[in-house]
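Asks: Below is input_30.txt; it holds compact mmCIF, C-alpha atoms and all ligand atoms.
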# COMPACT_ATOMS: atom_id res chain seq x y z
CA ALA K 1 332.49 122.20 76.67
CA LYS K 2 335.63 124.12 77.46
CA PRO K 3 337.96 122.71 80.12
CA ARG K 4 338.20 124.36 83.53
CA ILE K 5 341.24 126.49 84.30
CA ALA K 6 342.62 127.20 87.78
CA LEU K 7 344.40 130.54 88.06
CA LEU K 8 346.56 131.47 91.03
CA GLY K 9 347.39 135.16 91.29
CA LEU K 10 345.04 138.05 90.62
CA GLY K 11 347.44 140.96 90.39
CA ALA K 12 347.26 143.34 87.45
CA MET K 13 348.31 140.62 85.01
CA GLY K 14 346.49 137.64 86.54
CA ALA K 15 343.22 139.57 86.71
CA ALA K 16 343.58 140.58 83.05
CA PHE K 17 344.15 136.92 82.06
CA ALA K 18 341.15 135.86 84.16
CA ARG K 19 338.78 138.28 82.44
CA THR K 20 339.67 136.98 78.98
CA TRP K 21 339.02 133.36 79.98
CA LEU K 22 335.70 134.27 81.55
CA ALA K 23 334.71 136.26 78.46
CA ALA K 24 335.66 133.29 76.24
CA GLY K 25 333.44 130.96 78.29
CA TYR K 26 336.09 128.94 80.15
CA PRO K 27 335.01 127.72 83.59
CA LEU K 28 337.53 129.38 85.88
CA THR K 29 338.62 128.82 89.46
CA VAL K 30 340.66 131.66 90.95
CA TRP K 31 342.73 132.05 94.08
CA ASN K 32 344.61 135.05 95.40
CA ARG K 33 346.62 135.36 98.63
CA THR K 34 344.68 138.51 99.51
CA PRO K 35 341.09 137.27 99.11
CA SER K 36 339.49 140.68 98.44
CA ARG K 37 341.16 140.79 95.02
CA ALA K 38 339.00 137.85 93.90
CA GLU K 39 335.69 139.59 94.64
CA PRO K 40 335.31 141.51 91.35
CA LEU K 41 336.08 138.31 89.42
CA ALA K 42 333.53 136.32 91.41
CA ALA K 43 330.96 138.89 90.30
CA GLU K 44 332.03 138.24 86.71
CA GLY K 45 331.51 134.48 87.02
CA ALA K 46 334.73 133.03 88.45
CA ASP K 47 334.61 130.38 91.18
CA VAL K 48 336.74 131.49 94.10
CA ALA K 49 338.80 128.89 95.95
CA ALA K 50 339.57 129.42 99.61
CA THR K 51 343.06 127.98 99.30
CA ALA K 52 345.61 127.47 96.53
CA ALA K 53 345.35 123.71 97.11
CA GLU K 54 341.60 123.84 96.54
CA ALA K 55 342.07 125.78 93.30
CA VAL K 56 344.66 123.26 92.08
CA ALA K 57 342.30 120.38 92.86
CA SER K 58 339.59 121.90 90.64
CA ALA K 59 341.28 121.75 87.23
CA ARG K 60 343.83 119.85 85.19
CA LEU K 61 345.30 123.11 83.80
CA VAL K 62 346.75 125.23 86.61
CA VAL K 63 348.15 128.66 85.73
CA THR K 64 350.29 130.66 88.16
CA CYS K 65 350.77 134.41 87.64
CA LEU K 66 352.52 135.57 90.81
CA LEU K 67 355.15 138.10 91.76
CA ASP K 68 358.24 135.91 91.44
CA ASP K 69 359.41 132.31 91.52
CA ALA K 70 359.61 132.22 95.32
CA SER K 71 355.94 133.15 95.58
CA VAL K 72 355.06 130.27 93.23
CA GLY K 73 356.84 127.82 95.54
CA GLU K 74 355.12 129.34 98.56
CA ALA K 75 351.63 129.35 97.03
CA LEU K 76 351.88 125.74 95.80
CA ALA K 77 353.59 124.31 98.89
CA GLY K 78 350.48 122.60 100.22
CA ALA K 79 348.88 121.63 96.90
CA ASP K 80 348.66 118.14 95.39
CA LEU K 81 349.95 118.56 91.84
CA THR K 82 349.57 114.93 90.82
CA GLY K 83 348.25 114.70 87.26
CA ARG K 84 348.18 118.48 86.85
CA ASP K 85 349.59 120.56 84.01
CA LEU K 86 351.22 123.55 85.65
CA VAL K 87 351.75 126.59 83.44
CA ASP K 88 353.77 129.25 85.24
CA VAL K 89 353.70 132.66 83.53
CA THR K 90 355.45 134.37 86.44
CA THR K 91 358.59 136.21 85.31
CA GLY K 92 361.78 134.48 86.42
CA THR K 93 365.22 133.41 85.31
CA PRO K 94 365.94 130.42 83.02
CA ALA K 95 367.54 128.53 85.93
CA GLN K 96 364.47 129.16 88.10
CA ALA K 97 362.23 127.80 85.31
CA ARG K 98 364.38 124.67 84.92
CA ALA K 99 364.38 124.08 88.68
CA ARG K 100 360.61 124.69 88.85
CA SER K 101 360.14 122.14 86.03
CA GLU K 102 362.09 119.51 88.01
CA TRP K 103 360.17 120.45 91.15
CA ALA K 104 356.84 120.00 89.32
CA ALA K 105 357.95 116.64 87.86
CA GLY K 106 358.80 115.49 91.38
CA ARG K 107 355.21 116.25 92.34
CA GLY K 108 353.69 114.38 89.40
CA ALA K 109 352.89 117.43 87.27
CA ARG K 110 353.82 118.35 83.72
CA PHE K 111 355.22 121.87 83.40
CA LEU K 112 355.36 124.79 80.98
CA SER K 113 357.14 128.00 81.75
CA GLY K 114 355.82 131.22 80.25
CA GLY K 115 357.28 134.66 79.63
CA ILE K 116 354.69 137.36 79.07
CA MET K 117 355.52 139.90 76.37
CA ALA K 118 352.60 142.24 77.07
CA ILE K 119 351.36 144.70 79.63
CA PRO K 120 347.87 144.26 81.11
CA PRO K 121 346.07 146.65 78.68
CA MET K 122 347.34 144.48 75.77
CA VAL K 123 345.83 141.29 77.25
CA GLY K 124 342.70 140.18 75.38
CA VAL K 125 343.39 142.70 72.62
CA PRO K 126 344.80 140.70 69.66
CA GLU K 127 345.54 143.87 67.64
CA ALA K 128 347.92 144.99 70.40
CA GLY K 129 350.29 142.17 69.42
CA GLY K 130 351.02 140.87 72.92
CA TYR K 131 352.09 137.25 73.31
CA VAL K 132 353.57 134.76 75.73
CA PHE K 133 356.67 132.61 75.14
CA TYR K 134 356.08 129.04 76.37
CA SER K 135 358.73 126.38 76.90
CA GLY K 136 358.49 122.79 78.09
CA PRO K 137 357.08 119.62 76.49
CA SER K 138 355.45 120.48 73.15
CA GLU K 139 352.64 117.97 73.79
CA VAL K 140 351.60 119.91 76.89
CA PHE K 141 351.70 123.15 74.93
CA GLU K 142 349.62 121.63 72.10
CA GLU K 143 347.07 120.20 74.51
CA HIS K 144 346.39 123.58 76.11
CA ARG K 145 347.15 125.80 73.16
CA ALA K 146 343.55 126.92 72.61
CA ALA K 147 343.12 128.04 76.23
CA LEU K 148 346.56 129.65 76.36
CA ALA K 149 345.84 131.59 73.16
CA VAL K 150 342.87 133.41 74.72
CA PRO K 151 344.68 136.10 76.79
CA ALA K 152 347.46 136.77 74.27
CA GLY K 153 349.30 135.22 71.34
CA THR K 154 351.45 132.16 71.94
CA VAL K 155 355.02 131.45 70.81
CA TYR K 156 356.46 128.00 71.52
CA ALA K 157 360.09 128.52 72.54
CA GLY K 158 361.33 124.93 72.87
CA ARG K 159 361.40 121.88 75.11
CA ASP K 160 363.97 123.22 77.57
CA ALA K 161 361.85 124.92 80.24
CA GLY K 162 364.37 127.77 80.54
CA LEU K 163 364.01 129.03 76.97
CA ALA K 164 360.83 131.07 77.47
CA SER K 165 362.40 132.99 80.37
CA LEU K 166 365.64 133.40 78.46
CA GLN K 167 363.96 135.04 75.46
CA ASP K 168 361.63 137.05 77.70
CA VAL K 169 364.59 138.45 79.66
CA ALA K 170 366.57 139.05 76.45
CA LEU K 171 363.74 141.20 75.08
CA LEU K 172 363.33 143.03 78.38
CA SER K 173 367.08 143.67 78.54
CA ALA K 174 367.03 145.16 75.04
CA MET K 175 364.04 147.28 76.05
CA ASN K 176 366.05 148.62 79.00
CA GLY K 177 368.81 149.69 76.65
CA MET K 178 366.26 151.36 74.41
CA PHE K 179 364.65 153.27 77.28
CA ALA K 180 368.11 154.27 78.53
CA GLY K 181 368.60 155.87 75.12
CA VAL K 182 365.19 157.51 75.30
CA ALA K 183 366.02 158.99 78.72
CA HIS K 184 369.30 160.38 77.39
CA ALA K 185 367.60 161.84 74.31
CA PHE K 186 364.99 163.67 76.40
CA ALA K 187 367.71 164.88 78.79
CA LEU K 188 369.52 166.45 75.84
CA VAL K 189 366.55 168.42 74.55
CA ARG K 190 364.36 169.10 77.58
CA ASN K 191 365.83 172.51 78.47
CA GLU K 192 365.87 173.82 74.92
CA GLU K 193 363.08 175.10 72.73
CA VAL K 194 362.21 171.69 71.38
CA PRO K 195 358.49 170.78 71.40
CA LEU K 196 358.61 167.50 73.28
CA GLY K 197 355.48 166.00 71.71
CA GLU K 198 356.78 166.56 68.21
CA PHE K 199 360.25 165.35 69.22
CA ALA K 200 358.68 162.17 70.63
CA GLY K 201 357.20 161.43 67.21
CA HIS K 202 360.61 161.71 65.56
CA LEU K 203 362.27 159.67 68.28
CA SER K 204 359.86 156.74 68.22
CA ALA K 205 359.80 156.58 64.41
CA TRP K 206 363.63 156.65 64.37
CA LEU K 207 363.89 153.80 66.89
CA VAL K 208 361.44 151.67 64.90
CA ALA K 209 363.28 152.34 61.61
CA MET K 210 366.71 151.56 63.09
CA ALA K 211 365.58 148.50 65.00
CA SER K 212 363.64 146.72 62.29
CA GLU K 213 366.54 146.28 59.86
CA GLY K 214 369.44 146.52 62.30
CA VAL K 215 368.28 143.71 64.57
CA ARG K 216 367.81 141.30 61.66
CA LEU K 217 371.17 142.23 60.14
CA THR K 218 372.89 141.44 63.44
CA ALA K 219 371.24 138.00 63.51
CA ARG K 220 372.42 137.26 59.94
CA GLN K 221 375.96 138.36 60.80
CA LEU K 222 376.11 136.30 64.00
CA GLU K 223 374.83 133.26 62.11
CA SER K 224 377.31 133.59 59.24
CA GLY K 225 380.22 134.60 61.48
CA ASP K 226 381.07 137.35 58.97
CA TYR K 227 380.30 140.69 60.58
CA THR K 228 381.27 142.71 57.50
CA THR K 229 378.37 141.65 55.26
CA GLY K 230 375.68 144.23 54.62
CA VAL K 231 377.45 146.91 56.67
CA VAL K 232 376.22 150.40 55.83
CA SER K 233 377.62 152.18 58.90
CA ASN K 234 381.10 150.88 59.70
CA LEU K 235 382.42 150.78 63.23
CA ALA K 236 385.29 153.22 62.58
CA MET K 237 382.76 155.84 61.51
CA GLN K 238 380.42 154.99 64.41
CA VAL K 239 383.17 155.36 67.02
CA GLU K 240 384.00 158.77 65.53
CA GLY K 241 380.27 159.57 65.77
CA ASN K 242 380.25 158.52 69.42
CA ALA K 243 382.75 161.28 70.18
CA THR K 244 380.18 163.75 68.84
CA LEU K 245 377.46 162.21 71.02
CA LEU K 246 379.62 162.46 74.14
CA ARG K 247 380.76 166.00 73.32
CA THR K 248 377.17 167.13 72.75
CA ALA K 249 376.13 165.69 76.12
CA GLU K 250 378.91 167.66 77.78
CA GLU K 251 377.96 170.85 75.90
CA GLN K 252 374.36 170.41 77.06
CA GLY K 253 375.41 169.70 80.64
CA VAL K 254 373.92 166.17 80.43
CA SER K 255 375.53 163.21 82.18
CA THR K 256 377.23 160.74 79.82
CA GLU K 257 376.79 157.80 82.19
CA LEU K 258 374.25 156.01 79.98
CA LEU K 259 376.32 156.50 76.81
CA THR K 260 379.80 155.52 77.92
CA PRO K 261 379.42 151.78 78.61
CA TYR K 262 378.33 151.00 75.05
CA ALA K 263 380.67 153.57 73.47
CA ASP K 264 383.60 151.99 75.37
CA LEU K 265 382.75 148.52 74.04
CA MET K 266 382.54 149.83 70.47
CA ALA K 267 385.91 151.58 70.89
CA ARG K 268 387.45 148.36 72.25
CA ARG K 269 386.19 146.37 69.28
CA LEU K 270 387.60 149.00 66.91
CA ALA K 271 390.95 148.92 68.72
CA ASP K 272 390.95 145.12 68.18
CA GLY K 273 391.04 145.84 64.42
CA HIS K 274 387.39 145.50 63.41
CA GLY K 275 386.72 148.91 61.89
CA ASP K 276 385.07 147.43 58.79
CA GLU K 277 382.32 145.71 60.79
CA ASP K 278 379.37 147.37 62.47
CA GLY K 279 378.00 146.71 65.95
CA ALA K 280 377.66 142.90 65.90
CA GLY K 281 381.21 142.37 67.18
CA VAL K 282 380.24 143.88 70.52
CA VAL K 283 378.28 140.67 71.11
CA ASP K 284 381.61 138.76 71.07
CA LEU K 285 382.96 141.05 73.78
CA LEU K 286 379.96 140.24 75.98
CA ALA K 287 379.76 136.49 75.29
CA ALA K 288 382.33 134.60 73.25
CA PRO K 289 380.84 132.46 70.47
CA ARG K 290 380.60 128.71 71.13
CA ARG K 291 382.48 127.07 68.25
P1 LIG K 301 351.11 142.43 90.88
O1 LIG K 301 352.09 143.06 91.79
O2 LIG K 301 349.95 143.25 90.39
O3 LIG K 301 350.53 141.10 91.54
C1 LIG K 301 351.38 140.21 92.23
C2 LIG K 301 350.59 138.97 92.59
O4 LIG K 301 351.47 138.04 93.25
C3 LIG K 301 349.43 139.24 93.53
O5 LIG K 301 348.39 138.35 93.20
C4 LIG K 301 350.05 138.90 94.89
O6 LIG K 301 349.10 138.55 95.84
C5 LIG K 301 350.85 137.69 94.49
N1 LIG K 301 351.89 137.33 95.45
C6 LIG K 301 353.02 138.02 95.75
N2 LIG K 301 353.75 137.36 96.66
C7 LIG K 301 353.06 136.22 96.95
C8 LIG K 301 353.29 135.13 97.81
N3 LIG K 301 354.40 135.06 98.56
N4 LIG K 301 352.39 134.14 97.84
C9 LIG K 301 351.27 134.19 97.09
N5 LIG K 301 350.99 135.20 96.25
C10 LIG K 301 351.88 136.21 96.18
O7 LIG K 301 351.97 141.88 89.65
P2 LIG K 301 351.46 141.60 88.14
O8 LIG K 301 350.17 140.90 88.14
O9 LIG K 301 351.65 142.83 87.35
O10 LIG K 301 352.62 140.60 87.68
C11 LIG K 301 352.51 139.19 87.86
C12 LIG K 301 353.60 138.53 87.03
O11 LIG K 301 353.44 138.89 85.67
C13 LIG K 301 355.00 138.97 87.46
O12 LIG K 301 355.89 137.87 87.42
C14 LIG K 301 355.36 139.99 86.41
O13 LIG K 301 356.77 140.08 86.18
C15 LIG K 301 354.65 139.41 85.19
N6 LIG K 301 354.43 140.44 84.16
C16 LIG K 301 353.78 141.60 84.46
C17 LIG K 301 353.66 142.60 83.53
C18 LIG K 301 352.97 143.90 83.84
O14 LIG K 301 353.13 144.84 83.04
N7 LIG K 301 352.18 143.99 84.88
C19 LIG K 301 354.25 142.45 82.19
C20 LIG K 301 354.85 141.16 81.93
C21 LIG K 301 354.96 140.22 82.92
P3 LIG K 301 348.47 139.67 96.84
O15 LIG K 301 347.32 140.27 96.08
O16 LIG K 301 348.07 138.89 98.02
O17 LIG K 301 349.56 140.67 97.12
Hey, can you dump this file as structure tokens for me?
Ligand code: NDP

Replies:
Amino acid sequence: AKPRIALLGLGAMGAAFARTWLAAGYPLTVWNRTPSRAEPLAAEGADVAATAAEAVASARLVVTCLLDDASVGEALAGADLTGRDLVDVTTGTPAQARARSEWAAGRGARFLSGGIMAIPPMVGVPEAGGYVFYSGPSEVFEEHRAALAVPAGTVYAGRDAGLASLQDVALLSAMNGMFAGVAHAFALVRNEEVPLGEFAGHLSAWLVAMASEGVRLTARQLESGDYTTGVVSNLAMQVEGNATLLRTAEEQGVSTELLTPYADLMARRLADGHGDEDGAGVVDLLAAPRR
């Protein structure tokens, strides 16, 4: 028989997780601060707990999917966590995850922190490629791996509880930069006779093509410490190209405020004498290497 899971938090994400566990035949206890949100899940076979403490008491594996770290502390304040394995997939910072891990240990629980790399429609849909980073003791991850693999893929990110959040936030930060670029691109073309649907196809294919090789090349350069290997677009040329990007924005009457921060960093790196590299050196301007 499959082990019972207690799930605290039935927002968009928690409810999506819940449905996959029910569909896979896991006995499931749910709790949500606003009780009405549990009703549809009760109809689908979940047992509804009246309090968070009652939900925690029902299962060894306790999963929290709440708004933020503060809400996790609030929801679990009155619960006895002794002997529980707490898996918190609420988005937070690495320091919050480390502190939450200590907090859980002080209450007799083992702890995994999770960082969800999916949106609710990707949950329970393996082809969509969603997954969750988990960090904390590997034995806890291994013990619950089968259950954790039901809503989405799993990636073990290391023993340090902060590492799942760190990689989650790193990916989200990169996504922000990407969508900043997307916003700028649409701003450039929106008032011209450019069919936006067709343009979107070119834009998304371009981003995928540039990202897939470029991201890996940056990793190889940062690992080797030589930022000139494999360069096909040198920084001197790119900085010259940036002038064209900025000038085009001005010609089109589009604000340059999303372009200038990155262009300024590239120009600074070039001025420091690194024209034969590509973009990897910008990483050194943001965070000096530990050597
Ligand atoms: P929702 O806003 O849909 O749900 C928030 C949940 O947190 C609700 O269950 C809410 O309860 C509960 N909550 C908020 N404050 C408290 C509190 N003080 N005490 C107890 N419960 C509280 O958010 P999502 O489900 O979308 O997100 C949940 C987590 O998943 C977040 O950390 C989010 O960053 C992460 N995530 C979400 C993604 C998404 O696309 N949705 C993608 C990746 C990660 P109530 O119903 O009572 O308000």

Asks: Hey, could you make a per-residue contact list for chain K against ligand LIG 301 (chain K) with 6 Å as the cut-off, showing the nearest pair of atoms and its distance in Å to one decimal, counting only C-alpha atoms and all ligand atoms, sorted by chain and number, as JSON lines?

Replies:
{"residue": "K:Gly9", "atom": "CA", "partner": "K:LIG301", "partner_atom": "O5", "distance": 3.9}
{"residue": "K:Leu10", "atom": "CA", "partner": "K:LIG301", "partner_atom": "O5", "distance": 4.2}
{"residue": "K:Gly11", "atom": "CA", "partner": "K:LIG301", "partner_atom": "O3", "distance": 3.3}
{"residue": "K:Ala12", "atom": "CA", "partner": "K:LIG301", "partner_atom": "O8", "distance": 3.9}
{"residue": "K:Met13", "atom": "CA", "partner": "K:LIG301", "partner_atom": "O8", "distance": 3.7}
{"residue": "K:Gly14", "atom": "CA", "partner": "K:LIG301", "partner_atom": "O8", "distance": 5.2}
{"residue": "K:Asn32", "atom": "CA", "partner": "K:LIG301", "partner_atom": "O5", "distance": 5.5}
{"residue": "K:Arg33", "atom": "CA", "partner": "K:LIG301", "partner_atom": "O16", "distance": 3.9}
{"residue": "K:Thr34", "atom": "CA", "partner": "K:LIG301", "partner_atom": "O16", "distance": 3.7}
{"residue": "K:Cys65", "atom": "CA", "partner": "K:LIG301", "partner_atom": "C12", "distance": 5.0}
{"residue": "K:Leu66", "atom": "CA", "partner": "K:LIG301", "partner_atom": "O4", "distance": 3.6}
{"residue": "K:Leu67", "atom": "CA", "partner": "K:LIG301", "partner_atom": "O4", "distance": 4.0}
{"residue": "K:Asp68", "atom": "CA", "partner": "K:LIG301", "partner_atom": "O12", "distance": 5.1}
{"residue": "K:Ser71", "atom": "CA", "partner": "K:LIG301", "partner_atom": "N3", "distance": 3.9}
{"residue": "K:Glu74", "atom": "CA", "partner": "K:LIG301", "partner_atom": "N4", "distance": 5.6}
{"residue": "K:Ala75", "atom": "CA", "partner": "K:LIG301", "partner_atom": "C9", "distance": 4.9}
{"residue": "K:Thr90", "atom": "CA", "partner": "K:LIG301", "partner_atom": "O12", "distance": 3.7}
{"residue": "K:Thr91", "atom": "CA", "partner": "K:LIG301", "partner_atom": "O12", "distance": 3.8}
{"residue": "K:Ile116", "atom": "CA", "partner": "K:LIG301", "partner_atom": "C20", "distance": 4.8}
{"residue": "K:Met117", "atom": "CA", "partner": "K:LIG301", "partner_atom": "C20", "distance": 5.7}
{"residue": "K:Ala118", "atom": "CA", "partner": "K:LIG301", "partner_atom": "C19", "distance": 5.4}
{"residue": "K:Ile119", "atom": "CA", "partner": "K:LIG301", "partner_atom": "O14", "distance": 3.8}
{"residue": "K:Pro120", "atom": "CA", "partner": "K:LIG301", "partner_atom": "O14", "distance": 5.6}

Asks: Listing only residues of region 97-208 of chain K within 8 Å of region 16-30 of chain K, what is the closest atom pair and its distance in Å (to one decimal) for each, using all atoms listed in the file, sorted by chain and residue number ascending, as a tab-separated table?

Replies:
residue	atom	partner	partner_atom	distance
K:Pro120	CA	K:Ala16	CA	6.0
K:Pro121	CA	K:Ala16	CA	7.9
K:Val123	CA	K:Ala16	CA	6.3
K:Gly124	CA	K:Thr20	CA	5.7
K:Ala147	CA	K:Trp21	CA	7.7
K:Val150	CA	K:Thr20	CA	6.4
K:Pro151	CA	K:Phe17	CA	5.4

Asks: Find the residue from K:Gln238, K:Ser36, K:Ser233, K:Thr256 that sits nearest to Ala183 (chain K); use all atoms listed in the file when measuring.

Replies: K:Thr256

Asks: Find, counting only C-alpha atoms, the residue in K:Gly129, K:Pro35, K:Gly162, K:Gly253 that gets nearest to Ala99 (chain K).

Replies: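 For Ala99 (chain K), the nearest of the given residues is K:Gly162.
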
Asks: Please provide as a PyMOL selection string all residues within 9 Å of Gly181 (chain K), with the sequence filter that same-chain residues fewer than 5 positions apart are discarded (counting all atoms listed in the file).

Replies: chain K and resi 176+186+258-259

Asks: Quick one: pull the distance between CA of Gly130 (chain K) and CA of Arg98 (chain K), Å, one decimal.

Replies: 24.2 Å

Asks: With distances taken over all atoms listed in the file, which of K:Leu166, K:Glu142, K:Tyr131, K:Thr260 is nearest to Arg247 (chain K)?

Replies: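 Using all atoms listed in the file, Arg247 (chain K) sits closest to K:Thr260.
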
Asks: As an exercise, work out the distance from CA of Pro126 (chain K) to CA of Leu41 (chain K) in Å and give it to one decimal place.

Replies: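 Value for the CA of Pro126 (chain K)-CA of Leu41 (chain K) distance: 21.7 Å.
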
Asks: Under the rule that only C-alpha atoms are counted, which of K:Leu286, K:Ala164, K:Val63, K:Leu188 is the nearest residue to Tyr262 (chain K)?

Replies: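 The shortest atom-to-atom distance to Tyr262 (chain K) comes from K:Leu286.
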
Asks: One decimal, in Å: what's the spacing between CA of Arg107 (chain K) and CA of Asp80 (chain K)?

Replies: 7.5 Å

Asks: Return the single residue from K:Gly225, K:Gly92, K:Gly108, K:Gly197 that is closest to Leu163 (chain K), with distances computed using all atoms listed in the file.

Replies: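 Among K:Gly225, K:Gly92, K:Gly108, K:Gly197, it is K:Gly92 that comes nearest to Leu163 (chain K).
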
Asks: Which residue gives the smallest distance to Ala161 (chain K) among K:Ser173, K:Gln96, K:Ser204, K:Ser255, with all atoms listed in the file counted?

Replies: K:Gln96

Asks: Show which residues sit within 12 Å of Val140 (chain K), as a list in words. Count all atoms listed in the file, and ignore same-chain residues fewer than 2 positions away.

Replies: Arg60, Leu61, Arg84, Asp85, Leu86, Val87, Ala109, Arg110, Phe111, Leu112, Ser113, Tyr134, Ser135, Gly136, Pro137, Ser138, Glu142, Glu143, His144, Arg145, Ala146, Ala147, Leu148, Tyr156, Gly158, Arg159 and Ala161 of chain K

Asks: At a cut-off of 12 Å around the point (386.1, 148.8, 64.9) (file coordinates), what residues fall inside when counting all atoms listed in the file? I'd like the answer as a ChimeraX atom specification.

Replies: /K:227-228,233-240,263-282

Asks: Name all residues at most 12 Å from Ala211 (chain K) (count only C-alpha atoms; drop same-chain ones fewer than 5 positions away) and give them as a list in words.

Replies: Ala174, Met175, Met178, Ser204, Ala205, Trp206, Arg216, Leu217 and Thr218 of chain K

Asks: Which neighbours of Pro289 (chain K) fall inside 9 Å, counting only C-alpha atoms, when residues of the same chain fewer than 5 positions from it are skipped, and could you give them as a list in words?

Replies: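 So the residues in contact are Leu222, Val283 and Asp284 of chain K.
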
Asks: For the selection just defined, write its residues with C-alpha atoms to a file, as a CSV table (one decimal), keeping the file's coordinate frame.

Replies:
chain,number,residue,atom,x,y,z
K,222,LEU,CA,376.1,136.3,64.0
K,283,VAL,CA,378.3,140.7,71.1
K,284,ASP,CA,381.6,138.8,71.1

Asks: Neighbours of Ala55 (chain K) within 10 Å (all atoms listed in the file; same-chain residues fewer than 4 positions away dropped), as a PyMOL selection string?

Replies: chain K and resi 5-8+28-32+47-51+59+62+79

Asks: Mind filling out region 199-215 of chain K with N, CA and C atoms and sending it as a PDB file, in the coordinates of the input?

Replies:
ATOM      1  N   PHE K 199     358.977 166.077  69.124  1.00  0.00           N
ATOM      2  CA  PHE K 199     360.250 165.350  69.220  1.00  0.00           C
ATOM      3  C   PHE K 199     359.993 163.865  69.469  1.00  0.00           C
ATOM      4  N   ALA K 200     359.004 163.568  70.319  1.00  0.00           N
ATOM      5  CA  ALA K 200     358.680 162.170  70.630  1.00  0.00           C
ATOM      6  C   ALA K 200     358.298 161.405  69.369  1.00  0.00           C
ATOM      7  N   GLY K 201     357.577 162.069  68.474  1.00  0.00           N
ATOM      8  CA  GLY K 201     357.200 161.430  67.210  1.00  0.00           C
ATOM      9  C   GLY K 201     358.418 161.061  66.386  1.00  0.00           C
ATOM     10  N   HIS K 202     359.381 162.009  66.304  1.00  0.00           N
ATOM     11  CA  HIS K 202     360.610 161.710  65.560  1.00  0.00           C
ATOM     12  C   HIS K 202     361.394 160.590  66.222  1.00  0.00           C
ATOM     13  N   LEU K 203     361.465 160.653  67.546  1.00  0.00           N
ATOM     14  CA  LEU K 203     362.270 159.670  68.280  1.00  0.00           C
ATOM     15  C   LEU K 203     361.710 158.260  68.112  1.00  0.00           C
ATOM     16  N   SER K 204     360.393 158.099  68.293  1.00  0.00           N
ATOM     17  CA  SER K 204     359.860 156.740  68.220  1.00  0.00           C
ATOM     18  C   SER K 204     359.934 156.196  66.798  1.00  0.00           C
ATOM     19  N   ALA K 205     359.693 157.047  65.795  1.00  0.00           N
ATOM     20  CA  ALA K 205     359.800 156.580  64.410  1.00  0.00           C
ATOM     21  C   ALA K 205     361.249 156.189  64.081  1.00  0.00           C
ATOM     22  N   TRP K 206     362.201 156.941  64.600  1.00  0.00           N
ATOM     23  CA  TRP K 206     363.630 156.650  64.370  1.00  0.00           C
ATOM     24  C   TRP K 206     364.007 155.303  64.987  1.00  0.00           C
ATOM     25  N   LEU K 207     363.566 155.068  66.218  1.00  0.00           N
ATOM     26  CA  LEU K 207     363.890 153.800  66.890  1.00  0.00           C
ATOM     27  C   LEU K 207     363.309 152.624  66.115  1.00  0.00           C
ATOM     28  N   VAL K 208     362.076 152.763  65.656  1.00  0.00           N
ATOM     29  CA  VAL K 208     361.440 151.670  64.900  1.00  0.00           C
ATOM     30  C   VAL K 208     362.218 151.418  63.610  1.00  0.00           C
ATOM     31  N   ALA K 209     362.568 152.502  62.896  1.00  0.00           N
ATOM     32  CA  ALA K 209     363.280 152.340  61.610  1.00  0.00           C
ATOM     33  C   ALA K 209     364.640 151.681  61.820  1.00  0.00           C
ATOM     34  N   MET K 210     365.373 152.115  62.846  1.00  0.00           N
ATOM     35  CA  MET K 210     366.710 151.560  63.090  1.00  0.00           C
ATOM     36  C   MET K 210     366.636 150.120  63.576  1.00  0.00           C
ATOM     37  N   ALA K 211     365.658 149.839  64.414  1.00  0.00           N
ATOM     38  CA  ALA K 211     365.580 148.500  65.000  1.00  0.00           C
ATOM     39  C   ALA K 211     365.175 147.467  63.962  1.00  0.00           C
ATOM     40  N   SER K 212     364.228 147.792  63.101  1.00  0.00           N
ATOM     41  CA  SER K 212     363.640 146.720  62.290  1.00  0.00           C
ATOM     42  C   SER K 212     364.679 146.102  61.360  1.00  0.00           C
ATOM     43  N   GLU K 213     365.515 146.877  60.720  1.00  0.00           N
ATOM     44  CA  GLU K 213     366.540 146.280  59.860  1.00  0.00           C
ATOM     45  C   GLU K 213     367.780 145.889  60.668  1.00  0.00           C
ATOM     46  N   GLY K 214     368.188 146.742  61.577  1.00  0.00           N
ATOM     47  CA  GLY K 214     369.440 146.520  62.300  1.00  0.00           C
ATOM     48  C   GLY K 214     369.458 145.228  63.110  1.00  0.00           C
ATOM     49  N   VAL K 215     368.341 144.926  63.746  1.00  0.00           N
ATOM     50  CA  VAL K 215     368.280 143.710  64.570  1.00  0.00           C
ATOM     51  C   VAL K 215     368.411 142.463  63.688  1.00  0.00           C
TER      52      VAL K 215
END
